[in-house]
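**Q** Got a file for you: run-v5.pdb, PDB, C-alpha atoms.
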MODEL        1
ATOM      1  CA  VAL F   1     -12.411  -4.026   0.413  1.00  0.00           C
ATOM      2  CA  ASP F   2     -13.797  -7.563   0.241  1.00  0.00           C
ATOM      3  CA  VAL F   3     -13.344  -8.765  -3.339  1.00  0.00           C
ATOM      4  CA  ARG F   4     -14.578 -12.310  -2.699  1.00  0.00           C
ATOM      5  CA  SER F   5     -18.208 -11.795  -3.714  1.00  0.00           C
ATOM      6  CA  PRO F   6     -19.364 -11.952  -7.359  1.00  0.00           C
ATOM      7  CA  GLY F   7     -18.921  -8.648  -9.156  1.00  0.00           C
ATOM      8  CA  SER F   8     -16.974  -7.004  -6.317  1.00  0.00           C
ATOM      9  CA  LEU F   9     -13.732  -6.740  -8.279  1.00  0.00           C
ATOM     10  CA  ALA F  10     -15.580  -5.175 -11.201  1.00  0.00           C
ATOM     11  CA  GLN F  11     -17.173  -2.688  -8.809  1.00  0.00           C
ATOM     12  CA  ALA F  12     -13.774  -1.814  -7.365  1.00  0.00           C
ATOM     13  CA  LYS F  13     -12.548  -1.110 -10.898  1.00  0.00           C
ATOM     14  CA  GLU F  14     -15.562   1.075 -11.665  1.00  0.00           C
ATOM     15  CA  SER F  15     -14.929   3.034  -8.465  1.00  0.00           C
ATOM     16  CA  GLY F  16     -11.266   3.565  -9.336  1.00  0.00           C
ATOM     17  CA  TRP F  17      -9.905   1.566  -6.390  1.00  0.00           C
ATOM     18  CA  VAL F  18      -8.450  -1.019  -8.787  1.00  0.00           C
ATOM     19  CA  LEU F  19      -7.009  -0.026 -12.146  1.00  0.00           C
ATOM     20  CA  GLU F  20      -9.570  -0.654 -14.906  1.00  0.00           C
ATOM     21  CA  GLY F  21      -7.286  -2.777 -17.078  1.00  0.00           C
ATOM     22  CA  PHE F  22      -5.964  -4.959 -14.246  1.00  0.00           C
ATOM     23  CA  ASN F  23      -6.065  -8.650 -15.166  1.00  0.00           C
ATOM     24  CA  TYR F  24      -6.383 -10.542 -11.896  1.00  0.00           C
ATOM     25  CA  SER F  25      -6.020 -13.967 -13.524  1.00  0.00           C
ATOM     26  CA  ARG F  26      -2.723 -13.003 -15.150  1.00  0.00           C
ATOM     27  CA  ALA F  27      -1.391 -11.501 -11.920  1.00  0.00           C
ATOM     28  CA  GLN F  28      -2.358 -14.636  -9.970  1.00  0.00           C
ATOM     29  CA  GLU F  29      -0.717 -16.844 -12.587  1.00  0.00           C
ATOM     30  CA  LYS F  30       2.528 -14.903 -12.231  1.00  0.00           C
ATOM     31  CA  ALA F  31       2.283 -14.943  -8.422  1.00  0.00           C
ATOM     32  CA  TYR F  32       1.992 -18.748  -8.400  1.00  0.00           C
ATOM     33  CA  SER F  33       4.934 -19.172 -10.786  1.00  0.00           C
ATOM     34  CA  GLU F  34       8.263 -20.612  -9.674  1.00  0.00           C
ATOM     35  CA  LYS F  35       9.952 -17.257 -10.190  1.00  0.00           C
ATOM     36  CA  TYR F  36       7.653 -15.262  -7.889  1.00  0.00           C
ATOM     37  CA  GLN F  37       6.420 -17.909  -5.409  1.00  0.00           C
ATOM     38  CA  MET F  38       3.921 -15.537  -3.781  1.00  0.00           C
ATOM     39  CA  GLY F  39       0.913 -17.816  -3.507  1.00  0.00           C
ATOM     40  CA  ALA F  40      -2.628 -16.436  -3.587  1.00  0.00           C
ATOM     41  CA  ILE F  41      -3.105 -12.670  -3.933  1.00  0.00           C
ATOM     42  CA  LEU F  42      -6.880 -12.212  -3.463  1.00  0.00           C
ATOM     43  CA  GLY F  43      -6.573 -10.756   0.047  1.00  0.00           C
ATOM     44  CA  THR F  44      -3.668  -8.554  -1.022  1.00  0.00           C
ATOM     45  CA  VAL F  45      -5.773  -7.059  -3.829  1.00  0.00           C
ATOM     46  CA  GLY F  46      -8.530  -6.292  -1.312  1.00  0.00           C
ATOM     47  CA  VAL F  47      -6.196  -4.535   1.136  1.00  0.00           C
ATOM     48  CA  THR F  48      -4.646  -2.472  -1.630  1.00  0.00           C
ATOM     49  CA  ALA F  49      -8.072  -1.526  -3.002  1.00  0.00           C
ATOM     50  CA  ALA F  50      -9.103  -0.395   0.495  1.00  0.00           C
ATOM     51  CA  HIS F  51      -6.209   2.050   0.631  1.00  0.00           C
ATOM     52  CA  PHE F  52      -7.042   3.455  -2.791  1.00  0.00           C
ATOM     53  CA  LYS F  53     -10.670   3.780  -1.667  1.00  0.00           C
ATOM     54  CA  ALA F  54      -9.468   5.879   1.267  1.00  0.00           C
ATOM     55  CA  HIS F  55      -7.418   8.003  -1.119  1.00  0.00           C
ATOM     56  CA  ALA F  56     -10.518   8.741  -3.195  1.00  0.00           C
ATOM     57  CA  GLU F  57     -12.312   9.919  -0.056  1.00  0.00           C
ATOM     58  CA  ILE F  58      -9.354  12.165   0.857  1.00  0.00           C
ATOM     59  CA  ILE F  59      -9.477  13.849  -2.535  1.00  0.00           C
ATOM     60  CA  SER F  60     -13.249  14.231  -2.290  1.00  0.00           C
ATOM     61  CA  ASP F  61     -13.036  15.808   1.185  1.00  0.00           C
ATOM     62  CA  ASN F  62     -10.350  18.214  -0.089  1.00  0.00           C
ATOM     63  CA  ARG F  63      -8.732  18.902   3.286  1.00  0.00           C
ATOM     64  CA  PRO F  64      -5.069  20.024   3.098  1.00  0.00           C
ATOM     65  CA  LEU F  65      -3.753  16.963   4.984  1.00  0.00           C
ATOM     66  CA  ALA F  66      -5.124  13.522   5.760  1.00  0.00           C
ATOM     67  CA  VAL F  67      -4.139  10.625   8.010  1.00  0.00           C
ATOM     68  CA  VAL F  68      -5.174   7.061   7.133  1.00  0.00           C
ATOM     69  CA  PHE F  69      -5.081   4.305   9.776  1.00  0.00           C
ATOM     70  CA  GLU F  70      -5.615   0.603   9.190  1.00  0.00           C
ATOM     71  CA  ASP F  71      -8.043  -1.033  11.606  1.00  0.00           C
ATOM     72  CA  ASP F  72      -5.378  -2.488  13.915  1.00  0.00           C
ATOM     73  CA  VAL F  73      -3.686   0.857  14.651  1.00  0.00           C
ATOM     74  CA  ASN F  74      -3.524   2.523  18.049  1.00  0.00           C
ATOM     75  CA  PRO F  75      -2.315   6.150  17.873  1.00  0.00           C
ATOM     76  CA  SER F  76      -0.157   7.343  20.776  1.00  0.00           C
ATOM     77  CA  SER F  77      -1.905   9.335  23.500  1.00  0.00           C
ATOM     78  CA  ASP F  78      -0.134  12.499  22.311  1.00  0.00           C
ATOM     79  CA  PHE F  79      -0.463  11.685  18.613  1.00  0.00           C
ATOM     80  CA  VAL F  80      -1.960  15.012  17.516  1.00  0.00           C
ATOM     81  CA  GLU F  81       0.689  17.076  19.277  1.00  0.00           C
ATOM     82  CA  ARG F  82       3.542  14.942  17.971  1.00  0.00           C
ATOM     83  CA  LEU F  83       2.188  14.925  14.426  1.00  0.00           C
ATOM     84  CA  TRP F  84       1.838  18.709  14.534  1.00  0.00           C
ATOM     85  CA  SER F  85       5.481  18.968  15.593  1.00  0.00           C
ATOM     86  CA  LEU F  86       6.586  16.525  12.898  1.00  0.00           C
ATOM     87  CA  VAL F  87       4.845  18.493  10.143  1.00  0.00           C
ATOM     88  CA  ASN F  88       5.863  21.950  11.339  1.00  0.00           C
ATOM     89  CA  VAL F  89       9.393  21.285  12.614  1.00  0.00           C
ATOM     90  CA  GLU F  90      10.902  18.189  11.021  1.00  0.00           C
ATOM     91  CA  LEU F  91       9.263  17.574   7.649  1.00  0.00           C
ATOM     92  CA  PRO F  92      10.884  19.318   4.658  1.00  0.00           C
ATOM     93  CA  CYS F  93       8.586  21.638   2.741  1.00  0.00           C
ATOM     94  CA  ASP F  94       8.501  19.326  -0.285  1.00  0.00           C
ATOM     95  CA  TRP F  95       6.906  16.366   1.509  1.00  0.00           C
ATOM     96  CA  GLU F  96       4.056  14.515  -0.226  1.00  0.00           C
ATOM     97  CA  VAL F  97       3.529  11.341   1.785  1.00  0.00           C
ATOM     98  CA  VAL F  98       4.765  10.010   5.143  1.00  0.00           C
ATOM     99  CA  SER F  99       4.664   6.528   6.646  1.00  0.00           C
ATOM    100  CA  LEU F 100       4.170   6.847  10.400  1.00  0.00           C
ATOM    101  CA  MET F 101       5.691   3.424  11.086  1.00  0.00           C
ATOM    102  CA  SER F 102       8.133   1.931   8.582  1.00  0.00           C
ATOM    103  CA  THR F 103       9.632  -1.504   9.257  1.00  0.00           C
ATOM    104  CA  CYS F 104      13.098  -2.248   7.847  1.00  0.00           C
ATOM    105  CA  PRO F 105      13.495   1.370   6.762  1.00  0.00           C
ATOM    106  CA  TYR F 106      15.874   2.154   3.936  1.00  0.00           C
ATOM    107  CA  GLY F 107      16.963   5.689   3.110  1.00  0.00           C
ATOM    108  CA  ARG F 108      18.636   8.735   4.680  1.00  0.00           C
ATOM    109  CA  CYS F 109      18.099   9.961   8.235  1.00  0.00           C
ATOM    110  CA  LEU F 110      17.012  13.615   8.301  1.00  0.00           C
ATOM    111  CA  SER F 111      15.991  14.360  11.879  1.00  0.00           C
ATOM    112  CA  PRO F 112      15.403  12.635  15.236  1.00  0.00           C
ATOM    113  CA  HIS F 113      12.130  11.067  14.035  1.00  0.00           C
ATOM    114  CA  LEU F 114      12.335  11.093  10.265  1.00  0.00           C
ATOM    115  CA  MET F 115      14.039   9.559   7.250  1.00  0.00           C
ATOM    116  CA  ARG F 116      13.839  10.135   3.506  1.00  0.00           C
ATOM    117  CA  VAL F 117      12.765   6.870   1.895  1.00  0.00           C
ATOM    118  CA  GLU F 118      14.848   5.645  -1.055  1.00  0.00           C
ATOM    119  CA  PRO F 119      14.434   2.647  -3.396  1.00  0.00           C
ATOM    120  CA  ASP F 120      16.591  -0.316  -2.429  1.00  0.00           C
ATOM    121  CA  ALA F 121      18.766  -0.829  -5.491  1.00  0.00           C
ATOM    122  CA  ASN F 122      20.053  -4.069  -3.927  1.00  0.00           C
ATOM    123  CA  GLU F 123      16.705  -5.698  -4.745  1.00  0.00           C
ATOM    124  CA  PRO F 124      15.694  -6.427  -8.365  1.00  0.00           C
ATOM    125  CA  GLU F 125      13.078  -4.362 -10.157  1.00  0.00           C
ATOM    126  CA  TRP F 126      11.031  -7.459 -11.068  1.00  0.00           C
ATOM    127  CA  ARG F 127      10.464  -7.989  -7.309  1.00  0.00           C
ATOM    128  CA  CYS F 128       9.392  -4.339  -6.986  1.00  0.00           C
ATOM    129  CA  ARG F 129      12.561  -3.857  -4.902  1.00  0.00           C
ATOM    130  CA  GLN F 130      10.736  -5.685  -2.117  1.00  0.00           C
ATOM    131  CA  GLY F 131      12.369  -6.218   1.267  1.00  0.00           C
ATOM    132  CA  VAL F 132      12.478  -2.806   2.953  1.00  0.00           C
ATOM    133  CA  ASN F 133      10.183   0.048   4.010  1.00  0.00           C
ATOM    134  CA  TRP F 134       7.313  -2.224   5.021  1.00  0.00           C
ATOM    135  CA  GLY F 135       4.157  -0.818   6.500  1.00  0.00           C
ATOM    136  CA  ALA F 136       1.243   1.395   5.487  1.00  0.00           C
ATOM    137  CA  GLN F 137      -0.716   1.001   8.719  1.00  0.00           C
ATOM    138  CA  GLY F 138      -0.505   4.727   9.380  1.00  0.00           C
ATOM    139  CA  MET F 139      -0.010   7.182   6.515  1.00  0.00           C
ATOM    140  CA  LEU F 140       0.014  10.965   6.251  1.00  0.00           C
ATOM    141  CA  TYR F 141      -0.835  12.528   2.867  1.00  0.00           C
ATOM    142  CA  ARG F 142      -0.629  16.002   1.390  1.00  0.00           C
ATOM    143  CA  THR F 143      -3.940  16.087  -0.469  1.00  0.00           C
ATOM    144  CA  SER F 144      -2.783  18.354  -3.298  1.00  0.00           C
ATOM    145  CA  ALA F 145      -0.048  15.849  -4.219  1.00  0.00           C
ATOM    146  CA  LEU F 146      -2.278  12.774  -4.073  1.00  0.00           C
ATOM    147  CA  PRO F 147      -3.871  12.732  -7.569  1.00  0.00           C
ATOM    148  CA  HIS F 148      -0.498  12.762  -9.347  1.00  0.00           C
ATOM    149  CA  LEU F 149       0.935  10.244  -6.875  1.00  0.00           C
ATOM    150  CA  LEU F 150      -2.033   7.888  -7.350  1.00  0.00           C
ATOM    151  CA  GLU F 151      -1.745   7.889 -11.122  1.00  0.00           C
ATOM    152  CA  ARG F 152       1.835   6.646 -10.945  1.00  0.00           C
ATOM    153  CA  TRP F 153       1.302   4.455  -7.874  1.00  0.00           C
ATOM    154  CA  GLN F 154      -1.619   2.509  -9.345  1.00  0.00           C
ATOM    155  CA  SER F 155       0.245   1.936 -12.608  1.00  0.00           C
ATOM    156  CA  ILE F 156       2.952   0.142 -10.610  1.00  0.00           C
ATOM    157  CA  VAL F 157       0.673  -1.670  -8.145  1.00  0.00           C
ATOM    158  CA  PHE F 158      -1.537  -3.177 -10.837  1.00  0.00           C
ATOM    159  CA  ASP F 159       1.265  -4.371 -13.119  1.00  0.00           C
ATOM    160  CA  GLU F 160       0.367  -8.041 -13.630  1.00  0.00           C
ATOM    161  CA  GLU F 161       3.935  -8.870 -14.651  1.00  0.00           C
ATOM    162  CA  ARG F 162       5.278  -7.777 -11.241  1.00  0.00           C
ATOM    163  CA  PRO F 163       2.824  -9.138  -8.647  1.00  0.00           C
ATOM    164  CA  HIS F 164       5.064  -8.187  -5.706  1.00  0.00           C
ATOM    165  CA  CYS F 165       4.025  -4.605  -6.464  1.00  0.00           C
ATOM    166  CA  LEU F 166       0.481  -5.454  -5.304  1.00  0.00           C
ATOM    167  CA  ASN F 167       1.888  -4.806  -1.841  1.00  0.00           C
ATOM    168  CA  MET F 168       1.207  -1.096  -2.017  1.00  0.00           C
ATOM    169  CA  ASP F 169       3.846  -0.149   0.580  1.00  0.00           C
ATOM    170  CA  THR F 170       6.467  -1.988  -1.465  1.00  0.00           C
ATOM    171  CA  ALA F 171       5.305  -0.261  -4.642  1.00  0.00           C
ATOM    172  CA  LEU F 172       5.413   3.176  -3.044  1.00  0.00           C
ATOM    173  CA  ALA F 173       8.942   2.622  -1.739  1.00  0.00           C
ATOM    174  CA  SER F 174      10.049   1.572  -5.221  1.00  0.00           C
ATOM    175  CA  LEU F 175       8.817   4.965  -6.481  1.00  0.00           C
ATOM    176  CA  SER F 176      10.419   7.010  -3.714  1.00  0.00           C
ATOM    177  CA  ASN F 177      12.968   8.522  -6.093  1.00  0.00           C
ATOM    178  CA  GLU F 178      10.027  10.110  -7.961  1.00  0.00           C
ATOM    179  CA  PHE F 179       8.088  11.476  -4.973  1.00  0.00           C
ATOM    180  CA  ALA F 180       8.924  13.160  -1.676  1.00  0.00           C
ATOM    181  CA  TYR F 181       8.294  10.141   0.557  1.00  0.00           C
ATOM    182  CA  TYR F 182       9.354  10.243   4.198  1.00  0.00           C
ATOM    183  CA  ALA F 183       8.975   7.764   7.043  1.00  0.00           C
ATOM    184  CA  VAL F 184       9.167   7.344  10.798  1.00  0.00           C
ATOM    185  CA  PRO F 185      11.236   4.195  11.494  1.00  0.00           C
ATOM    186  CA  ALA F 186       9.318   1.541  13.437  1.00  0.00           C
ATOM    187  CA  VAL F 187      12.236   1.075  15.864  1.00  0.00           C
ATOM    188  CA  GLN F 188      11.423   4.381  17.571  1.00  0.00           C
ATOM    189  CA  ASP F 189      10.020   4.012  21.066  1.00  0.00           C
ATOM    190  CA  PRO F 190       7.625   5.549  21.752  1.00  0.00           C
ATOM    191  CA  GLY F 191       6.386   5.646  18.192  1.00  0.00           C
ATOM    192  CA  PHE F 192       3.536   7.598  16.672  1.00  0.00           C
ATOM    193  CA  ILE F 193       1.399   4.461  16.445  1.00  0.00           C
ATOM    194  CA  SER F 194       1.337   0.876  17.717  1.00  0.00           C
ATOM    195  CA  LEU F 195      -0.470  -2.192  16.385  1.00  0.00           C
ATOM    196  CA  SER F 196      -3.031  -4.477  17.993  1.00  0.00           C
ATOM    197  CA  ASP F 197      -2.700  -8.219  17.411  1.00  0.00           C
ATOM    198  CA  LEU F 198      -5.955  -8.748  15.531  1.00  0.00           C
ATOM    199  CA  GLY F 199      -4.614 -11.239  13.021  1.00  0.00           C
ATOM    200  CA  SER F 200      -4.478 -10.605   9.279  1.00  0.00           C
ATOM    201  CA  VAL F 201      -7.624 -10.710   7.155  1.00  0.00           C
ATOM    202  CA  ARG F 202      -5.406 -10.482   4.083  1.00  0.00           C
ATOM    203  CA  PHE F 203      -3.509 -13.648   4.992  1.00  0.00           C
ATOM    204  CA  THR F 204      -6.743 -15.444   5.904  1.00  0.00           C
ATOM    205  CA  ILE F 205      -8.313 -14.624   2.527  1.00  0.00           C
ATOM    206  CA  ASN F 206      -5.109 -15.490   0.669  1.00  0.00           C
ATOM    207  CA  ALA F 207      -4.995 -18.865   2.433  1.00  0.00           C
ATOM    208  CA  ALA F 208      -8.647 -19.558   1.585  1.00  0.00           C
ATOM    209  CA  ALA F 209      -8.043 -18.624  -2.048  1.00  0.00           C
ATOM    210  CA  ALA F 210      -4.993 -20.884  -2.191  1.00  0.00           C
ATOM    211  CA  SER F 211      -7.100 -23.778  -0.896  1.00  0.00           C
ATOM    212  CA  GLY F 212      -9.629 -23.259  -3.715  1.00  0.00           C
ATOM    213  CA  GLU F 213     -12.365 -21.729  -1.583  1.00  0.00           C
ATOM    214  CA  PHE F 214     -12.478 -18.700  -3.892  1.00  0.00           C
ATOM    215  CA  SER F 215     -11.624 -18.196  -7.552  1.00  0.00           C
ATOM    216  CA  VAL F 216     -11.916 -15.564 -10.259  1.00  0.00           C
ATOM    217  CA  ASP F 217     -13.472 -15.926 -13.679  1.00  0.00           C
ATOM    218  CA  HIS F 218     -11.311 -15.514 -16.792  1.00  0.00           C
ATOM    219  CA  SER F 219     -12.365 -11.900 -17.306  1.00  0.00           C
ATOM    220  CA  GLY F 220     -10.678 -11.063 -14.015  1.00  0.00           C
ATOM    221  CA  GLU F 221     -13.767  -9.170 -12.919  1.00  0.00           C
ATOM    222  CA  SER F 222     -15.917 -11.476 -10.790  1.00  0.00           C
ATOM    223  CA  VAL F 223     -14.763 -13.405  -7.751  1.00  0.00           C
ATOM    224  CA  ARG F 224     -16.821 -16.504  -6.981  1.00  0.00           C
ATOM    225  CA  SER F 225     -16.881 -19.295  -4.449  1.00  0.00           C
ATOM    226  CA  PRO F 226     -16.800 -22.884  -5.816  1.00  0.00           C
ATOM    227  CA  LEU F 227     -20.516 -23.282  -5.032  1.00  0.00           C
ATOM    228  CA  GLN F 228     -21.318 -20.418  -7.397  1.00  0.00           C
ATOM    229  CA  LEU F 229     -19.217 -21.591 -10.331  1.00  0.00           C
TER     230      LEU F 229
ENDMDL
END
What does this structure look like when you write it as structure tokens?
**A**
Amino acid sequence: VDVRSPGSLAQAKESGWVLEGFNYSRAQEKAYSEKYQMGAILGTVGVTAAHFKAHAEIISDNRPLAVVFEDDVNPSSDFVERLWSLVNVELPCDWEVVSLMSTCPYGRCLSPHLMRVEPDANEPEWRCRQGVNWGAQGMLYRTSALPHLLERWQSIVFDEERPHCLNMDTALASLSNEFAYYAVPAVQDPGFISLSDLGSVRFTINAAAASGEFSVDHSGESVRSPLQL
């Protein structure tokens, strides 16, 4: 979701992809602070909103299961067969969400291809326990569990006082003691998915925002370029 154009952040809030009360200006202020040292977050907000947009479409479609790929994902040639086996043979019956490629996984191994994600208590809560379980490029969701998961997930992601939680994979891992979250470690070869080297739009937008190319008005609702201020 491109939140650089005027009114786009407000539209994302109206659509439910960004929490209505989210104060972008406050979150950016915290992210720039000496404590957090995150830099610009505009691109990160857009990526996170895109995932929540996909979640809304999953709920609307009302299929039992859904897979969400980011645009740089290449599924394995036997992806459907392997996913079928994962769901029917390896996944516990309580599962709600699965990462199909988790970098720096932290949790308990359950089977040859699967682990139960756990929050990393070695990392502080104010950093959203950031540092492990990276990656939401390929996600599997149980649709019936998604509305309850989203309510809690968005409340953590859009907490302006903890801007690291804007990384939605980090936020989800921090909540893994509340939900049945499983993951396929990225070290597996062959994996379920691989990534193309397309560069990162998020990092590009964050860098442009840091240079002053884009800004947000004080209401936190409209993103504008300097020429439009």
**Q** Here is a test: counting all atoms listed in the file, which residue of F:Ala40, F:Arg63, F:Phe179, F:Asp72 is nearest to Leu166 (chain F)?
**A**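 Of F:Ala40, F:Arg63, F:Phe179, F:Asp72, the one nearest Leu166 (chain F) is F:Ala40, counting all atoms listed in the file.
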**Q** By how many Å are CA of Gly191 (chain F) and CA of Asn88 (chain F) apart?
**A**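 Distance reported for this atom pair: 17.7 Å.
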**Q** Could you tell me which residues the PyMOL selection byres ((chain F and resi 135) around 7) grabs in this file, written as a list in words?
**A**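 Taken over the shown coordinates, the PyMOL selection byres ((chain F and resi 135) around 7) returns Met101, Ser102, Thr103, Asn133, Trp134, Ala136, Gln137 and Asp169 of chain F.
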**Q** Give as a list in words the set of residues within 8 Å of the point (-9.9, 3.5, -3.9), where distances use the file's coordinates and all atoms listed in the file.
**A**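 The residues that fall inside the cut-off are Ala12, Ser15, Gly16, Trp17, Val18, Ala49, Ala50, His51, Phe52, Lys53, Ala54, His55, Ala56 and Glu57 of chain F.
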**Q** Go through F:Met139, F:Leu172, F:Ala66, F:Leu146 one by one, measure the shortest atom-to-atom distance of each to Ser99 (chain F) using all atoms listed in the file, and give the residue with the smallest value.
**A**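 Ranking F:Met139, F:Leu172, F:Ala66, F:Leu146 by distance to Ser99 (chain F), first place goes to F:Met139.
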**Q** To test your reading of the syntax: which residues would the PyMOL selection byres ((chain F and resi 152-163) around 8) return for the file shown? Reply as number ranges by chain.
**A** F: 18-19, 22-24, 26-28, 30-31, 36, 126-128, 148-151, 164-168, 171-172, 175
**Q** Taking the file as shown, what set of residues would the PyMOL selection byres ((chain F and resi 132) around 7) give back, as JSON, numbers by chain?
**A** {"F": [104, 105, 106, 130, 131, 133, 134]}
**Q** To one decimal in Å, tell me the separation between CA of Arg116 (chain F) and CA of Val45 (chain F).
**A**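 CA of Val45 (chain F) lies 27.1 Å from CA of Arg116 (chain F).
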**Q** Taking only C-alpha atoms into account, which of F:Val80, F:Val3, F:Ile41, F:Leu9 comes nearest Ala207 (chain F)?
**A**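 Among F:Val80, F:Val3, F:Ile41, F:Leu9, it is F:Ile41 that comes nearest to Ala207 (chain F).
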**Q** Around all the atoms of region 158-177 of chain F listed in the file, draw an axis-aligned box and extend it by 6 Å on each of the six sides; I want its centre and edge lengths in Å to one decimal, as AutoDock Vina command-line options.
**A**
--center_x 5.7 --center_y -0.3 --center_z -7.0 --size_x 26.5 --size_y 29.7 --size_z 27.2
**Q** Could you check how far CA of Val187 (chain F) sits from CA of Ala145 (chain F), in Å to one decimal?
**A**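 Between these atoms lies a distance of 27.8 Å.
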**Q** For each of F:Thr143, F:Pro119, F:Thr170, F:Leu86, take the minimum atom-to-atom distance to Ile58 (chain F), counting all atoms listed in the file, then give the residue where this is smallest.
**A**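 Ranked by minimum distance to Ile58 (chain F), first place goes to F:Thr143.
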**Q** Rank nothing, just name the residue among F:Pro147, F:Gly46, F:Pro75, F:Pro185 nearest to Pro112 (chain F), using all atoms listed in the file.
**A** F:Pro185
**Q** With distances taken over only C-alpha atoms, which of F:Pro92, F:Val67, F:Ser33, F:Val184 is nearest to Leu114 (chain F)?
**A**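 Comparing F:Pro92, F:Val67, F:Ser33, F:Val184 against Leu114 (chain F), the winner is F:Val184.
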**Q** Identify the residues within 10 Å of coordinate (-5.7, -8.9, 6.2) (same frame as the file), considering all atoms listed in the file, and give the answer as a VMD selection string.
**A** chain F and resid 43 to 44 46 to 47 70 to 71 198 to 206
**Q** Starting from the incomplete input, reconstruct all heavy atoms of region 15-21 of chain F and write that as a compact mmCIF listing (two decimals), in the frame of the given file.
**A**
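In the end it all went to out.txt:
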# COMPACT_ATOMS: atom_id res chain seq x y z
N SER F 15 -15.09 1.98 -9.46
CA SER F 15 -14.93 3.03 -8.46
C SER F 15 -13.54 3.66 -8.50
O SER F 15 -13.31 4.68 -7.84
CB SER F 15 -15.21 2.47 -7.06
OG SER F 15 -16.52 1.95 -6.97
N GLY F 16 -12.62 3.03 -9.24
CA GLY F 16 -11.27 3.56 -9.34
C GLY F 16 -10.32 3.06 -8.27
O GLY F 16 -9.18 3.53 -8.17
N TRP F 17 -10.77 2.11 -7.44
CA TRP F 17 -9.90 1.57 -6.39
C TRP F 17 -8.95 0.52 -6.93
O TRP F 17 -7.92 0.24 -6.32
CB TRP F 17 -10.75 0.94 -5.27
CG TRP F 17 -11.87 1.81 -4.80
CD1 TRP F 17 -11.92 3.19 -4.83
CD2 TRP F 17 -13.12 1.37 -4.26
NE1 TRP F 17 -13.11 3.63 -4.34
CE2 TRP F 17 -13.88 2.54 -3.97
CE3 TRP F 17 -13.67 0.13 -3.97
CZ2 TRP F 17 -15.15 2.48 -3.42
CZ3 TRP F 17 -14.94 0.06 -3.43
CH2 TRP F 17 -15.67 1.23 -3.15
N VAL F 18 -9.31 -0.09 -8.05
CA VAL F 18 -8.45 -1.02 -8.79
C VAL F 18 -8.37 -0.50 -10.21
O VAL F 18 -9.40 -0.06 -10.77
CB VAL F 18 -9.02 -2.45 -8.76
CG1 VAL F 18 -8.19 -3.38 -9.65
CG2 VAL F 18 -9.05 -2.99 -7.32
N LEU F 19 -7.18 -0.55 -10.79
CA LEU F 19 -7.01 -0.03 -12.15
C LEU F 19 -7.90 -0.79 -13.12
O LEU F 19 -7.97 -2.02 -13.09
CB LEU F 19 -5.53 -0.15 -12.55
CG LEU F 19 -5.02 0.80 -13.63
CD1 LEU F 19 -5.14 2.26 -13.17
CD2 LEU F 19 -3.57 0.48 -13.96
N GLU F 20 -8.57 -0.08 -14.01
CA GLU F 20 -9.57 -0.65 -14.91
C GLU F 20 -9.03 -1.84 -15.71
O GLU F 20 -9.70 -2.84 -15.89
CB GLU F 20 -10.10 0.43 -15.85
CG GLU F 20 -11.16 -0.05 -16.82
CD GLU F 20 -12.44 -0.51 -16.13
OE1 GLU F 20 -12.78 0.07 -15.08
OE2 GLU F 20 -13.09 -1.44 -16.64
N GLY F 21 -7.82 -1.73 -16.22
CA GLY F 21 -7.29 -2.78 -17.08
C GLY F 21 -6.60 -3.92 -16.35
O GLY F 21 -6.05 -4.82 -17.00
